[in-house]
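Coordinates as given in input_19.cif (mmCIF, C-alpha atoms):
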data_run
loop_
_atom_site.label_atom_id
_atom_site.label_comp_id
_atom_site.auth_asym_id
_atom_site.auth_seq_id
_atom_site.Cartn_x
_atom_site.Cartn_y
_atom_site.Cartn_z
CA MET O 1 44.03 -51.24 -23.90
CA ILE O 2 43.91 -47.47 -24.06
CA LEU O 3 43.66 -45.32 -20.94
CA ASN O 4 42.48 -41.73 -21.19
CA ALA O 5 41.76 -39.13 -18.52
CA SER O 6 39.96 -35.84 -19.01
CA TRP O 7 39.71 -32.35 -17.64
CA GLY O 8 36.26 -33.38 -16.44
CA GLY O 9 37.91 -35.72 -13.93
CA VAL O 10 36.74 -38.89 -15.72
CA ALA O 11 39.06 -41.77 -16.65
CA ARG O 12 38.17 -44.46 -19.17
CA LEU O 13 39.62 -47.74 -20.38
CA TRP O 14 39.08 -48.70 -24.02
CA ARG O 15 39.65 -51.90 -25.91
CA ARG O 16 42.07 -51.17 -28.78
CA ASP O 17 40.10 -53.31 -31.22
CA GLY O 18 37.15 -51.14 -32.18
CA CYS O 19 37.75 -48.57 -29.42
CA GLU O 20 35.13 -50.24 -27.25
CA LYS O 21 34.67 -48.59 -23.86
CA ILE O 22 35.07 -51.10 -21.02
CA VAL O 23 35.55 -49.07 -17.79
CA THR O 24 34.49 -45.54 -16.82
CA ILE O 25 35.25 -43.99 -13.42
CA ARG O 26 34.84 -40.60 -11.83
CA ALA O 27 38.50 -40.37 -10.83
CA HIS O 28 38.67 -36.80 -9.52
CA GLU O 29 36.48 -33.80 -8.79
CA SER O 30 39.00 -31.53 -10.51
CA ARG O 31 40.68 -32.02 -13.90
CA CYS O 32 42.99 -34.97 -14.50
CA THR O 33 46.53 -33.98 -15.44
CA GLY O 34 48.11 -37.38 -16.00
CA ALA O 35 47.48 -41.12 -16.14
CA ASP O 36 49.57 -44.25 -16.52
CA PHE O 37 49.20 -48.03 -16.68
CA HIS O 38 50.90 -50.28 -14.15
CA PRO O 39 53.59 -52.37 -15.95
CA THR O 40 51.63 -55.59 -15.32
CA ALA O 41 48.21 -54.28 -16.39
CA THR O 42 46.45 -56.44 -19.00
CA LEU O 43 43.12 -56.54 -20.77
CA ALA O 44 42.55 -60.01 -19.30
CA GLN O 45 42.56 -58.53 -15.78
CA VAL O 46 39.87 -56.04 -16.75
CA GLU O 47 37.73 -58.71 -18.42
CA GLU O 48 38.01 -60.98 -15.37
CA THR O 49 36.83 -58.12 -13.15
CA ALA O 50 33.94 -57.41 -15.52
CA SER O 51 32.87 -61.05 -15.23
CA GLY O 52 32.50 -60.70 -11.46
CA ALA O 53 35.95 -61.65 -10.20
CA GLY O 54 37.14 -58.95 -7.79
CA SER O 55 40.74 -57.78 -7.83
CA GLU O 56 42.86 -55.67 -5.50
CA THR O 57 45.70 -55.46 -8.03
CA VAL O 58 46.78 -51.99 -9.06
CA SER O 59 46.12 -51.55 -12.78
CA PHE O 60 46.47 -47.81 -13.43
CA GLY O 61 46.87 -44.45 -11.77
CA THR O 62 45.52 -40.95 -12.29
CA ALA O 63 46.91 -37.55 -11.26
CA CYS O 64 44.90 -34.42 -10.62
CA ALA O 65 45.10 -30.65 -10.46
CA ASP O 66 44.02 -30.84 -6.80
CA GLY O 67 47.49 -32.19 -5.95
CA VAL O 68 46.36 -35.77 -5.30
CA ALA O 69 46.90 -38.99 -7.27
CA HIS O 70 44.89 -42.20 -7.04
CA LEU O 71 45.62 -45.85 -7.83
CA TRP O 72 42.87 -48.06 -9.27
CA SER O 73 42.07 -51.74 -9.76
CA PRO O 74 41.40 -53.21 -13.24
CA GLY O 75 37.68 -52.71 -12.73
CA GLY O 76 38.01 -49.12 -11.54
CA LYS O 77 37.90 -49.72 -7.77
CA HIS O 78 39.80 -47.11 -5.77
CA LEU O 79 42.78 -48.66 -3.96
CA ARG O 80 45.21 -45.94 -2.82
CA THR O 81 45.40 -42.18 -2.42
CA LEU O 82 48.79 -40.50 -2.88
CA LYS O 83 48.63 -37.24 -0.97
CA GLY O 84 51.52 -34.97 -0.04
CA HIS O 85 52.19 -32.46 -2.80
CA ALA O 86 51.55 -28.80 -2.01
CA ASP O 87 50.38 -27.81 -5.50
CA ARG O 88 48.74 -29.24 -8.62
CA LEU O 89 50.21 -32.35 -10.22
CA GLY O 90 51.69 -32.73 -13.66
CA ARG O 91 52.10 -36.23 -15.01
CA MET O 92 52.79 -39.54 -13.31
CA ALA O 93 54.74 -42.69 -14.20
CA PHE O 94 55.05 -46.19 -12.78
CA HIS O 95 58.51 -47.58 -12.08
CA PRO O 96 59.43 -50.50 -14.40
CA CYS O 97 59.42 -52.97 -11.50
CA GLY O 98 55.84 -51.99 -10.65
CA ASP O 99 56.53 -51.46 -6.93
CA TYR O 100 56.73 -47.67 -7.14
CA VAL O 101 54.99 -44.77 -8.84
CA ALA O 102 56.25 -41.20 -9.30
CA THR O 103 54.37 -37.93 -9.53
CA ALA O 104 55.52 -34.53 -10.82
CA SER O 105 54.16 -31.35 -9.30
CA PHE O 106 53.98 -27.59 -9.54
CA ASP O 107 55.34 -27.47 -5.97
CA LYS O 108 58.78 -27.87 -7.68
CA THR O 109 59.24 -31.44 -6.46
CA TRP O 110 58.70 -34.94 -7.74
CA ARG O 111 57.84 -37.73 -5.37
CA LEU O 112 58.18 -41.51 -5.29
CA TRP O 113 55.46 -43.61 -3.67
CA SER O 114 54.96 -47.22 -2.67
CA VAL O 115 52.33 -48.86 -4.87
CA GLU O 116 51.54 -51.42 -2.16
CA THR O 117 50.96 -49.01 0.72
CA GLY O 118 50.62 -45.54 -0.84
CA GLU O 119 53.41 -44.31 1.44
CA GLU O 120 55.67 -41.48 0.26
CA LEU O 121 59.21 -42.83 -0.10
CA LEU O 122 61.04 -39.85 -1.61
CA CYS O 123 60.43 -36.13 -1.98
CA GLN O 124 63.00 -34.90 -4.49
CA GLU O 125 63.77 -31.19 -4.65
CA GLY O 126 66.13 -29.52 -7.10
CA HIS O 127 64.00 -27.84 -9.75
CA SER O 128 63.59 -24.08 -9.49
CA ARG O 129 60.20 -24.06 -11.21
CA PRO O 130 57.26 -26.51 -11.49
CA VAL O 131 58.04 -30.10 -12.51
CA TYR O 132 55.79 -31.28 -15.33
CA ASP O 133 56.78 -34.74 -16.56
CA LEU O 134 59.06 -37.63 -15.67
CA SER O 135 60.28 -40.92 -17.09
CA PHE O 136 62.15 -43.92 -15.68
CA HIS O 137 65.19 -45.59 -17.20
CA PRO O 138 64.31 -49.09 -18.49
CA ASP O 139 66.33 -50.73 -15.69
CA GLY O 140 64.74 -48.47 -13.09
CA GLY O 141 67.97 -46.97 -11.79
CA LEU O 142 67.45 -43.44 -13.14
CA CYS O 143 64.62 -40.97 -13.43
CA ALA O 144 64.50 -38.03 -15.87
CA THR O 145 62.37 -34.99 -15.02
CA VAL O 146 61.47 -31.82 -16.92
CA GLY O 147 59.60 -28.69 -16.01
CA LEU O 148 58.90 -25.06 -16.63
CA GLU O 149 62.50 -23.97 -16.09
CA ALA O 150 63.34 -25.04 -19.68
CA HIS O 151 65.72 -27.83 -18.84
CA GLY O 152 65.66 -31.36 -17.49
CA ARG O 153 67.47 -33.33 -14.85
CA VAL O 154 68.49 -36.97 -14.54
CA TRP O 155 68.46 -38.47 -11.05
CA ASP O 156 70.12 -41.55 -9.56
CA LEU O 157 67.38 -43.24 -7.53
CA ARG O 158 69.87 -45.02 -5.31
CA SER O 159 71.56 -41.85 -4.08
CA GLY O 160 68.87 -39.24 -4.79
CA LYS O 161 71.45 -37.09 -6.56
CA CYS O 162 71.16 -35.29 -9.89
CA ILE O 163 73.80 -36.83 -12.16
CA THR O 164 73.33 -34.58 -15.19
CA THR O 165 71.34 -31.56 -16.34
CA LEU O 166 69.76 -31.35 -19.79
CA VAL O 167 70.36 -27.73 -20.83
CA GLY O 168 69.49 -26.48 -24.31
CA HIS O 169 65.80 -25.71 -24.67
CA VAL O 170 64.93 -22.02 -24.55
CA LYS O 171 61.36 -22.43 -23.26
CA GLN O 172 59.54 -24.71 -20.82
CA CYS O 173 59.84 -28.48 -21.25
CA LEU O 174 56.58 -30.41 -21.08
CA SER O 175 57.54 -34.00 -21.87
CA VAL O 176 60.39 -36.49 -21.50
CA ASP O 177 60.92 -40.16 -22.32
CA PHE O 178 63.76 -42.67 -22.06
CA SER O 179 64.66 -44.76 -25.09
CA PRO O 180 64.57 -48.54 -24.60
CA ASN O 181 68.33 -48.53 -25.31
CA GLY O 182 68.83 -46.81 -21.94
CA PHE O 183 71.22 -44.07 -23.01
CA HIS O 184 69.06 -41.76 -25.12
CA ILE O 185 66.41 -39.38 -23.77
CA VAL O 186 63.98 -37.29 -25.81
CA THR O 187 62.47 -34.05 -24.51
CA GLY O 188 59.75 -31.84 -25.98
CA SER O 189 59.46 -28.11 -25.41
CA ASP O 190 57.45 -24.95 -25.93
CA ASP O 191 60.31 -23.83 -28.20
CA HIS O 192 58.79 -26.18 -30.86
CA THR O 193 61.76 -28.56 -30.82
CA ALA O 194 62.44 -32.08 -29.61
CA ARG O 195 65.96 -32.75 -28.37
CA ILE O 196 67.68 -36.12 -28.14
CA TRP O 197 70.20 -36.42 -25.34
CA ASP O 198 72.99 -38.97 -25.00
CA LEU O 199 73.79 -39.92 -21.41
CA ARG O 200 77.17 -41.28 -22.47
CA ARG O 201 78.19 -37.86 -23.80
CA ARG O 202 76.17 -35.98 -21.17
CA GLY O 203 74.90 -33.61 -23.84
CA CYS O 204 72.46 -32.98 -26.66
CA LEU O 205 72.92 -35.36 -29.58
CA TYR O 206 70.43 -33.79 -31.99
CA THR O 207 67.76 -31.09 -32.14
CA VAL O 208 64.65 -31.81 -34.20
CA PRO O 209 62.64 -28.76 -35.37
CA ALA O 210 59.57 -30.91 -35.07
CA HIS O 211 56.57 -28.57 -35.00
CA SER O 212 55.31 -25.04 -35.52
CA SER O 213 53.91 -24.80 -31.98
CA LEU O 214 54.37 -26.16 -28.45
CA ILE O 215 55.26 -29.86 -28.21
CA SER O 216 52.89 -31.47 -25.73
CA SER O 217 54.34 -35.00 -25.58
CA VAL O 218 57.21 -37.18 -26.80
CA ARG O 219 57.19 -40.99 -26.73
CA TYR O 220 59.61 -43.66 -27.92
CA GLU O 221 58.28 -46.89 -29.37
CA PRO O 222 58.67 -48.86 -26.11
CA LYS O 223 59.90 -52.21 -27.40
CA ASP O 224 62.85 -51.47 -29.71
CA GLY O 225 62.87 -47.66 -29.78
CA GLY O 226 63.21 -47.52 -33.55
CA PHE O 227 61.22 -44.29 -33.72
CA PHE O 228 59.63 -41.71 -31.46
CA ALA O 229 56.39 -39.78 -31.70
CA THR O 230 55.75 -36.12 -30.94
CA SER O 231 52.42 -34.32 -30.53
CA SER O 232 51.84 -30.61 -30.72
CA TYR O 233 49.49 -27.69 -30.37
CA ASP O 234 49.82 -27.27 -34.15
CA GLY O 235 47.23 -30.07 -34.46
CA THR O 236 49.54 -32.81 -35.70
CA ALA O 237 51.61 -35.72 -34.45
CA GLN O 238 54.95 -36.60 -36.04
CA LEU O 239 56.99 -39.79 -36.22
CA TYR O 240 60.80 -39.56 -36.34
CA SER O 241 63.49 -42.17 -36.89
CA SER O 242 65.74 -42.81 -33.89
CA ARG O 243 68.58 -43.71 -36.26
CA ASP O 244 68.98 -40.53 -38.32
CA PHE O 245 66.17 -38.36 -36.82
CA SER O 246 64.46 -37.98 -40.18
CA ARG O 247 60.69 -37.52 -40.27
CA ILE O 248 58.85 -40.74 -41.07
CA ASN O 249 55.28 -39.50 -41.14
CA THR O 250 52.93 -36.67 -40.19
CA LEU O 251 49.57 -37.62 -38.68
CA ARG O 252 46.86 -35.10 -39.55
CA GLY O 253 43.19 -35.40 -38.67
CA HIS O 254 42.59 -33.56 -35.43
CA GLU O 255 40.83 -30.21 -35.58
CA ALA O 256 42.60 -28.68 -32.56
CA ARG O 257 45.78 -28.97 -30.52
CA VAL O 258 46.99 -32.52 -29.92
CA MET O 259 47.48 -32.99 -26.19
CA CYS O 260 49.22 -36.37 -26.07
CA ALA O 261 50.43 -39.28 -28.19
CA ASP O 262 51.46 -42.77 -27.14
CA VAL O 263 52.89 -45.72 -29.07
CA ALA O 264 51.95 -49.38 -28.58
CA PRO O 265 54.80 -51.88 -28.12
CA GLY O 266 56.07 -52.88 -31.55
CA GLY O 267 54.97 -49.59 -33.09
CA ALA O 268 52.07 -50.96 -35.14
CA GLU O 269 49.57 -48.66 -33.41
CA LEU O 270 49.61 -45.15 -32.04
CA ALA O 271 46.95 -43.22 -30.13
CA THR O 272 46.45 -39.45 -30.04
CA VAL O 273 44.09 -37.26 -28.06
CA SER O 274 43.12 -33.71 -28.78
CA TYR O 275 41.43 -30.56 -27.58
CA ASP O 276 38.76 -31.36 -30.21
CA ARG O 277 37.51 -34.00 -27.71
CA THR O 278 38.44 -37.00 -29.82
CA LEU O 279 40.73 -39.94 -29.32
CA LYS O 280 42.18 -41.35 -32.54
CA LEU O 281 43.86 -44.70 -33.05
CA TRP O 282 46.33 -44.96 -35.94
CA ARG O 283 47.68 -48.15 -37.47
CA GLN O 284 50.87 -48.50 -39.51
CA GLN O 285 50.59 -49.64 -43.10
CA ARG O 286 53.28 -50.61 -45.55
CA ARG O 287 56.07 -48.11 -46.25
CA GLY O 288 55.67 -46.59 -42.80
CA LYS O 289 52.39 -44.83 -43.53
CA ALA O 290 49.90 -44.45 -40.69
CA VAL O 291 46.18 -44.31 -41.26
CA LYS O 292 43.42 -43.23 -38.91
CA GLU O 293 41.69 -46.45 -37.93
CA GLU O 294 39.13 -45.38 -35.36
CA THR O 295 37.79 -42.14 -33.92
CA GLN O 296 36.20 -42.07 -30.49
CA GLU O 297 34.20 -39.08 -29.32
CA GLY O 298 34.25 -38.18 -25.64
CA PRO O 299 36.60 -37.03 -22.87
CA VAL O 300 40.24 -37.37 -23.76
CA LYS O 301 43.59 -37.35 -22.03
CA MET O 302 44.43 -33.67 -21.77
CA GLU O 303 47.65 -32.92 -19.89
CA LEU O 304 48.59 -29.29 -19.40
#

Please render this file's structure as structure tokens.
Amino acid sequence: MILNASWGGVARLWRRDGCEKIVTIRAHESRCTGADFHPTATLAQVEETASGAGSETVSFGTACADGVAHLWSPGGKHLRTLKGHADRLGRMAFHPCGDYVATASFDKTWRLWSVETGEELLCQEGHSRPVYDLSFHPDGGLCATVGLEAHGRVWDLRSGKCITTLVGHVKQCLSVDFSPNGFHIVTGSDDHTARIWDLRRRGCLYTVPAHSSLISSVRYEPKDGGFFATSSYDGTAQLYSSRDFSRINTLRGHEARVMCADVAPGGAELATVSYDRTLKLWRQQRRGKAVKEETQEGPVKMEL
């Protein structure tokens, strides 16, 4: 499935095969700033709901510029409201175990919530400027956050303490992701670079001059982490090897800034969304080439 959320406050679920729209909800009155699938979400759950079988299982979440996040069932039924931030939200992410969800906010905090009850479990301070994005370690013990202060932080969820600071970018950081190997982190910045950090060395391992404009998102291939994708306001997405950080491919086709990119497990497919109001699905071909498979007009996942 593909989940996208728009500045119009609408969220949609799409079937990857053919980009068929299966669920549309009016998620927020204001613009959506982030969205994420629950770790256990499946297409089968959505299809069962569509056939008339009700479900109270959390399938995905949406975050909004009004400072509130919502959790939704596979069929788009509202289940929980996460309210507590004092300013607009950035992005959100579910914990790998599925019991918790985190939200980043312009109130300079990130918060951890119970998926079952919607209760706030942790309000983490420490950033001096708005927090924009966050990512959980694959085993769930750590959380990496980035924001407009140009560097990131890595937190131990058991103690609530910052265990290392990711200092190196010279402009605001807008995206972060953990590698499946658990010790590498990639960050994307307004300084046009992506940096790879090694938690074992507690420092920057490599700097990739990835784009000619702001980097809006960075994502590792979630299964093996063999490559990572970057998207940018320069209108392209790039694929880079996690082994030697060489560029594998450049994905061109959007007519405006690319707001987000995400990689399907296994890396055979990649989705991008753009300010040109299209969602594009790319499929890998032989020799690492990616071709544009489908284009879907309509609201897209814009995260600012």

Here's the selection I'm unsure about, the PyMOL selection byres ((chain O and resi 99-101) around 7); applied to the file above, which residues does it give, as a ChimeraX atom specification? /O:93-95,97-98,102-103,112-116

When distances are computed from only C-alpha atoms, which of O:Ile215, O:Ile196, O:Val46, O:Ala256 shows the smallest separation from Trp14 (chain O)? O:Val46

In terms of all atoms listed in the file, the residue from O:His127, O:Arg252, O:Lys77, O:Arg91 at minimal distance from Asp107 (chain O) is O:His127

Mind checking which residues fall within 10 Å of Cys162 (chain O), counting all atoms listed in the file, ignoring those fewer than 5 positions away in the same chain, and posting them as a ChimeraX atom specification? /O:124-126,142-144,153-157

Counting all atoms listed in the file, figure out which residue out of O:Val170, O:Leu43, O:Ala35, O:Cys260 gets nearest to Ala69 (chain O). O:Ala35

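Those residues returned by the PyMOL selection byres ((chain O and resi 42) around 12) for this file are Met1, Ile2, Leu3, Leu13, Trp14, Arg15, Arg16, Phe37, His38, Pro39, Thr40, Ala41, Leu43, Ala44, Gln45, Val46, Glu47, Glu48, Thr49, Thr57, Val58, Ser59, Phe60, Ser73, Pro74 and Gly75 of chain O.
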
What separation in Å, quoted to one decimal, exists between CA of Glu255 (chain O) and CA of Tyr233 (chain O)? 10.4 Å

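Applied to the file shown here, the PyMOL selection byres ((chain O and resi 243) around 8) selects Gly226, Phe227, Ser241, Ser242, Asp244 and Phe245 of chain O.
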
From CA of Glu221 (chain O) to CA of Ser179 (chain O) the spacing works out at 8.0 Å
